[in-house]
Amino acid sequence: MRGLKFLGYLLLCLLLGMTLLSWYNYGSLQVLLTEIKDFGNFINFVVEKVSFYFSYAGSWNYLILMLLLAFLVVLYTCNDLWLEKYLHSRKQKSFLRFGYTWLLQRSMAFVLLAIECVLIANLFVWSYTRQGIISDFTSIKHPQTVLLLGTNKELRNGEGANLYFTYRIDAVRELYRQGKVKKIIISGDNGRVGYNEPADMQNALLKKGVPASIIELDYAGFRTLDSVVRLKGHFKVKDALIVSQRFHIERALLLAWLYDIEAVGYPAEGSMTVAMAARELLAKPKALLDVFVFNMQPRYGKTYAKATVNLNDSKDRAFIGVVLFCCLFAGLMVWLFFND
């Protein structure tokens, strides 16, 4: 409880300090009230965004969310116990010194938790999908439907061509030359005026000698999830050869397999920059959350209807029991945490 008292005093001091600074800077109670109202509008915006993410969630999604939260609590507690060996926050007798060490330990435990979750998610995606990525034509036994994932033809700063775009076009052109292509579905973003990934890729393929008769365009591929899900829901394709860079294919394959699409990936050339690596580290956990927790839908179209929890099914009851046990165990961890 000493840690919570310190945290309470710290928050009170910060609140008083912010109030005094606000009064000094704004000079008028009316202006200060306006800023508080704007902050309230921001809170409402956050609540609306959270509500949107859970708008498609069903009973299974909430069960998995409970299991995930329990896992996070246990992992956080393990981090905290490990850090206690080195920081010894509970042995500090001075209230201020104890509070500082306590807050530092909890903050470090949270940072460790975030890093561990990101690494675990990326390791899961890599181990789950690595067998589905092929690198030579001989592994492709017959012509397939190719899903070409869209990207911008130019760099975002406008200073040259996007090599990821060029490499993807070259990969599909080579697949066509080798007789491995039955149909090409180009899925990309066409969400604003003057920006059309599918059309740009189609034009590039036509210049490479790929006939327009085997090309279909999906203008609603705003995200990888949209492109993959619409492959089955809109185009009625149940097996496909996905073309993109390797790091992108891993995420696309994960989504395809989770939505019962028999897919393999053919990687185009192109390695990750530091910025792309950072983006992919976070994108893979986000993809798992989209499927298992939020049940996210494409902007246009729906995924197939998921089954709900059936209390008459022994397997469903067993899973509910496991979730409840994990939540009780996590609750015990929380109780011990607040009574250190």
# chains A, B, ... in the order shown; residues from 1 in each chain; ligands from 1
$ select_by_dssp --residues "range 3-252 of chain A" --states "strand (DSSP E or B)" --output "ChimeraX atom specification"
/A:133,144-149,154,161,181-187,189,192,195,215-218,220,239-245
$ residues_around --residues "range 109-117 of chain A" --least-positions-apart "6" --cutoff "12 Å" --atoms "only C-alpha atoms" --output "PDB file with C-alpha atoms, in the first residue's frame"
ATOM      1  CA  LEU A  68      -5.035 -12.280 -22.755  1.00  0.00           C
ATOM      2  CA  LEU A  69      -5.464  -9.851 -19.859  1.00  0.00           C
ATOM      3  CA  PHE A  71      -1.694 -13.636 -19.207  1.00  0.00           C
ATOM      4  CA  LEU A  72      -0.491 -10.022 -19.203  1.00  0.00           C
ATOM      5  CA  VAL A  73      -1.066  -9.694 -15.459  1.00  0.00           C
ATOM      6  CA  VAL A  74       0.904 -12.859 -14.729  1.00  0.00           C
ATOM      7  CA  LEU A  75       3.735 -11.864 -17.066  1.00  0.00           C
ATOM      8  CA  TYR A  76       3.856  -8.363 -15.568  1.00  0.00           C
ATOM      9  CA  THR A  77       4.033  -9.825 -12.059  1.00  0.00           C
ATOM     10  CA  CYS A  78       6.909 -12.108 -13.069  1.00  0.00           C
ATOM     11  CA  ASN A  79       8.760  -9.078 -14.437  1.00  0.00           C
ATOM     12  CA  ASP A  80       8.118  -7.191 -11.218  1.00  0.00           C
ATOM     13  CA  LEU A  81       9.430 -10.033  -9.045  1.00  0.00           C
ATOM     14  CA  TRP A  82      12.539 -10.314 -11.218  1.00  0.00           C
ATOM     15  CA  LEU A  83      13.230  -6.578 -10.972  1.00  0.00           C
ATOM     16  CA  GLU A  84      12.777  -6.679  -7.207  1.00  0.00           C
ATOM     17  CA  LEU A  87      16.054  -2.708  -7.152  1.00  0.00           C
ATOM     18  CA  TRP A 102       8.696   1.567  -6.508  1.00  0.00           C
ATOM     19  CA  LEU A 103       7.606   3.748  -9.421  1.00  0.00           C
ATOM     20  CA  LEU A 123       7.894 -15.088 -33.043  1.00  0.00           C
ATOM     21  CA  PHE A 124       4.475 -16.720 -33.263  1.00  0.00           C
ATOM     22  CA  LEU A 281       7.163  -5.335 -35.247  1.00  0.00           C
ATOM     23  CA  LEU A 282       3.944  -3.587 -34.235  1.00  0.00           C
ATOM     24  CA  LYS A 284       2.054  -8.339 -36.469  1.00  0.00           C
ATOM     25  CA  PRO A 285       0.664  -8.042 -32.914  1.00  0.00           C
ATOM     26  CA  LYS A 286      -2.009  -5.723 -34.317  1.00  0.00           C
ATOM     27  CA  LEU A 288      -3.434 -10.945 -34.098  1.00  0.00           C
ATOM     28  CA  LEU A 289      -5.562  -8.533 -32.080  1.00  0.00           C
TER      29      LEU A 289
END
$ closest_residue --among "A:Phe165, A:Phe292, A:Tyr300, A:Phe247" --to "Tyr219 in chain A" --atoms "only C-alpha atoms"
A:Tyr300
$ closest_residue --among "A:Arg279, A:Lys180, A:His88, A:Lys238" --to "Ile140 in chain A" --atoms "only C-alpha atoms"
A:Lys180
$ closest_residue --among "A:Asp313, A:Ile169, A:Phe52, A:Gly99" --to "Gly209 in chain A" --atoms "only C-alpha atoms"
A:Ile169
$ atom_distance --atom1 "CA of Glu280 in chain A" --atom2 "CA of Thr224 in chain A"
12.1 Å
$ atom_distance --atom1 "CA of Asn122 in chain A" --atom2 "CA of Gly188 in chain A"
24.1 Å
$ atom_distance --atom1 "CA of Ala121 in chain A" --atom2 "CA of Leu254 in chain A"
11.6 Å
$ select_by_dssp --residues "range 82-244 of chain A" --states "helix (DSSP H, G or I)" --output "JSON, numbers by chain"
{"A": [82, 83, 84, 85, 86, 87, 89, 90, 91, 95, 96, 97, 98, 99, 100, 101, 102, 103, 104, 105, 106, 107, 108, 109, 110, 111, 112, 113, 114, 115, 116, 117, 118, 119, 120, 121, 122, 123, 124, 125, 126, 127, 128, 129, 130, 131, 132, 137, 138, 139, 163, 164, 165, 166, 167, 168, 169, 170, 171, 172, 173, 174, 175, 176, 177, 197, 198, 199, 200, 201, 202, 203, 204, 205, 206, 207, 212, 213, 214, 224, 225, 226, 227, 228, 229, 230, 231, 232, 233]}
$ closest_residue --among "A:Thr129, A:Gln178, A:Gln105, A:Asn312" --to "Ala252 in chain A" --atoms "only C-alpha atoms"
A:Thr129
$ residues_around --residues "Arg246 in chain A" --least-positions-apart "3" --cutoff "9 Å" --atoms "only C-alpha atoms" --output "PDB file with C-alpha atoms, in the first residue's frame"
ATOM      1  CA  ILE A 133       6.731 -19.075 -48.106  1.00  0.00           C
ATOM      2  CA  VAL A 243       3.070 -11.795 -53.790  1.00  0.00           C
ATOM      3  CA  ILE A 249       3.782 -11.965 -46.719  1.00  0.00           C
ATOM      4  CA  GLU A 250       4.161 -13.335 -43.196  1.00  0.00           C
ATOM      5  CA  GLY A 265       3.556 -16.738 -50.421  1.00  0.00           C
ATOM      6  CA  TYR A 266       6.043 -15.909 -53.145  1.00  0.00           C
ATOM      7  CA  PRO A 267       8.438 -13.217 -51.893  1.00  0.00           C
ATOM      8  CA  ALA A 268       9.559 -10.391 -54.131  1.00  0.00           C
ATOM      9  CA  GLU A 269      12.950  -8.802 -53.613  1.00  0.00           C
ATOM     10  CA  GLY A 270      13.308  -6.063 -51.056  1.00  0.00           C
ATOM     11  CA  SER A 271      14.567  -5.923 -47.505  1.00  0.00           C
TER      12      SER A 271
END
$ decode --residues "range 63-85 of chain A" --atoms "N, CA and C atoms" --output "PDB file, in the first residue's frame"
ATOM      1  N   LEU A  63     -13.943 -13.701 -24.504  1.00  0.00           N
ATOM      2  CA  LEU A  63     -13.268 -14.744 -23.726  1.00  0.00           C
ATOM      3  C   LEU A  63     -11.759 -14.694 -23.950  1.00  0.00           C
ATOM      4  N   ILE A  64     -11.357 -14.551 -25.203  1.00  0.00           N
ATOM      5  CA  ILE A  64      -9.928 -14.490 -25.504  1.00  0.00           C
ATOM      6  C   ILE A  64      -9.314 -13.228 -24.923  1.00  0.00           C
ATOM      7  N   LEU A  65     -10.066 -12.139 -24.910  1.00  0.00           N
ATOM      8  CA  LEU A  65      -9.572 -10.905 -24.291  1.00  0.00           C
ATOM      9  C   LEU A  65      -9.328 -11.109 -22.805  1.00  0.00           C
ATOM     10  N   MET A  66     -10.246 -11.787 -22.126  1.00  0.00           N
ATOM     11  CA  MET A  66     -10.052 -12.078 -20.700  1.00  0.00           C
ATOM     12  C   MET A  66      -8.809 -12.933 -20.480  1.00  0.00           C
ATOM     13  N   LEU A  67      -8.624 -13.938 -21.341  1.00  0.00           N
ATOM     14  CA  LEU A  67      -7.451 -14.797 -21.226  1.00  0.00           C
ATOM     15  C   LEU A  67      -6.170 -14.010 -21.467  1.00  0.00           C
ATOM     16  N   LEU A  68      -6.203 -13.110 -22.450  1.00  0.00           N
ATOM     17  CA  LEU A  68      -5.035 -12.280 -22.755  1.00  0.00           C
ATOM     18  C   LEU A  68      -4.696 -11.364 -21.586  1.00  0.00           C
ATOM     19  N   LEU A  69      -5.708 -10.743 -20.993  1.00  0.00           N
ATOM     20  CA  LEU A  69      -5.464  -9.851 -19.859  1.00  0.00           C
ATOM     21  C   LEU A  69      -4.883 -10.614 -18.669  1.00  0.00           C
ATOM     22  N   ALA A  70      -5.394 -11.815 -18.435  1.00  0.00           N
ATOM     23  CA  ALA A  70      -4.860 -12.636 -17.347  1.00  0.00           C
ATOM     24  C   ALA A  70      -3.396 -12.977 -17.612  1.00  0.00           C
ATOM     25  N   PHE A  71      -3.078 -13.338 -18.842  1.00  0.00           N
ATOM     26  CA  PHE A  71      -1.694 -13.636 -19.207  1.00  0.00           C
ATOM     27  C   PHE A  71      -0.789 -12.414 -19.000  1.00  0.00           C
ATOM     28  N   LEU A  72      -1.284 -11.245 -19.359  1.00  0.00           N
ATOM     29  CA  LEU A  72      -0.491 -10.022 -19.203  1.00  0.00           C
ATOM     30  C   LEU A  72      -0.226  -9.719 -17.732  1.00  0.00           C
ATOM     31  N   VAL A  73      -1.244  -9.943 -16.898  1.00  0.00           N
ATOM     32  CA  VAL A  73      -1.066  -9.694 -15.459  1.00  0.00           C
ATOM     33  C   VAL A  73      -0.012 -10.627 -14.879  1.00  0.00           C
ATOM     34  N   VAL A  74      -0.070 -11.893 -15.243  1.00  0.00           N
ATOM     35  CA  VAL A  74       0.904 -12.859 -14.729  1.00  0.00           C
ATOM     36  C   VAL A  74       2.307 -12.524 -15.229  1.00  0.00           C
ATOM     37  N   LEU A  75       2.427 -12.196 -16.512  1.00  0.00           N
ATOM     38  CA  LEU A  75       3.735 -11.864 -17.066  1.00  0.00           C
ATOM     39  C   LEU A  75       4.293 -10.597 -16.438  1.00  0.00           C
ATOM     40  N   TYR A  76       3.423  -9.604 -16.217  1.00  0.00           N
ATOM     41  CA  TYR A  76       3.856  -8.363 -15.568  1.00  0.00           C
ATOM     42  C   TYR A  76       4.355  -8.640 -14.148  1.00  0.00           C
ATOM     43  N   THR A  77       3.637  -9.499 -13.425  1.00  0.00           N
ATOM     44  CA  THR A  77       4.033  -9.825 -12.059  1.00  0.00           C
ATOM     45  C   THR A  77       5.384 -10.535 -12.032  1.00  0.00           C
ATOM     46  N   CYS A  78       5.608 -11.429 -12.983  1.00  0.00           N
ATOM     47  CA  CYS A  78       6.909 -12.108 -13.069  1.00  0.00           C
ATOM     48  C   CYS A  78       8.031 -11.098 -13.327  1.00  0.00           C
ATOM     49  N   ASN A  79       7.769 -10.132 -14.194  1.00  0.00           N
ATOM     50  CA  ASN A  79       8.760  -9.078 -14.437  1.00  0.00           C
ATOM     51  C   ASN A  79       9.039  -8.288 -13.170  1.00  0.00           C
ATOM     52  N   ASP A  80       7.972  -7.977 -12.442  1.00  0.00           N
ATOM     53  CA  ASP A  80       8.118  -7.191 -11.218  1.00  0.00           C
ATOM     54  C   ASP A  80       8.933  -7.946 -10.169  1.00  0.00           C
ATOM     55  N   LEU A  81       8.672  -9.232 -10.013  1.00  0.00           N
ATOM     56  CA  LEU A  81       9.430 -10.033  -9.045  1.00  0.00           C
ATOM     57  C   LEU A  81      10.894 -10.140  -9.447  1.00  0.00           C
ATOM     58  N   TRP A  82      11.155 -10.239 -10.755  1.00  0.00           N
ATOM     59  CA  TRP A  82      12.539 -10.314 -11.218  1.00  0.00           C
ATOM     60  C   TRP A  82      13.276  -9.000 -10.963  1.00  0.00           C
ATOM     61  N   LEU A  83      12.607  -7.882 -11.193  1.00  0.00           N
ATOM     62  CA  LEU A  83      13.230  -6.578 -10.972  1.00  0.00           C
ATOM     63  C   LEU A  83      13.460  -6.304  -9.487  1.00  0.00           C
ATOM     64  N   GLU A  84      12.625  -6.880  -8.642  1.00  0.00           N
ATOM     65  CA  GLU A  84      12.777  -6.679  -7.207  1.00  0.00           C
ATOM     66  C   GLU A  84      14.124  -7.200  -6.700  1.00  0.00           C
ATOM     67  N   LYS A  85      14.658  -8.208  -7.365  1.00  0.00           N
ATOM     68  CA  LYS A  85      15.962  -8.746  -6.968  1.00  0.00           C
ATOM     69  C   LYS A  85      17.071  -7.716  -7.093  1.00  0.00           C
TER      70      LYS A  85
END
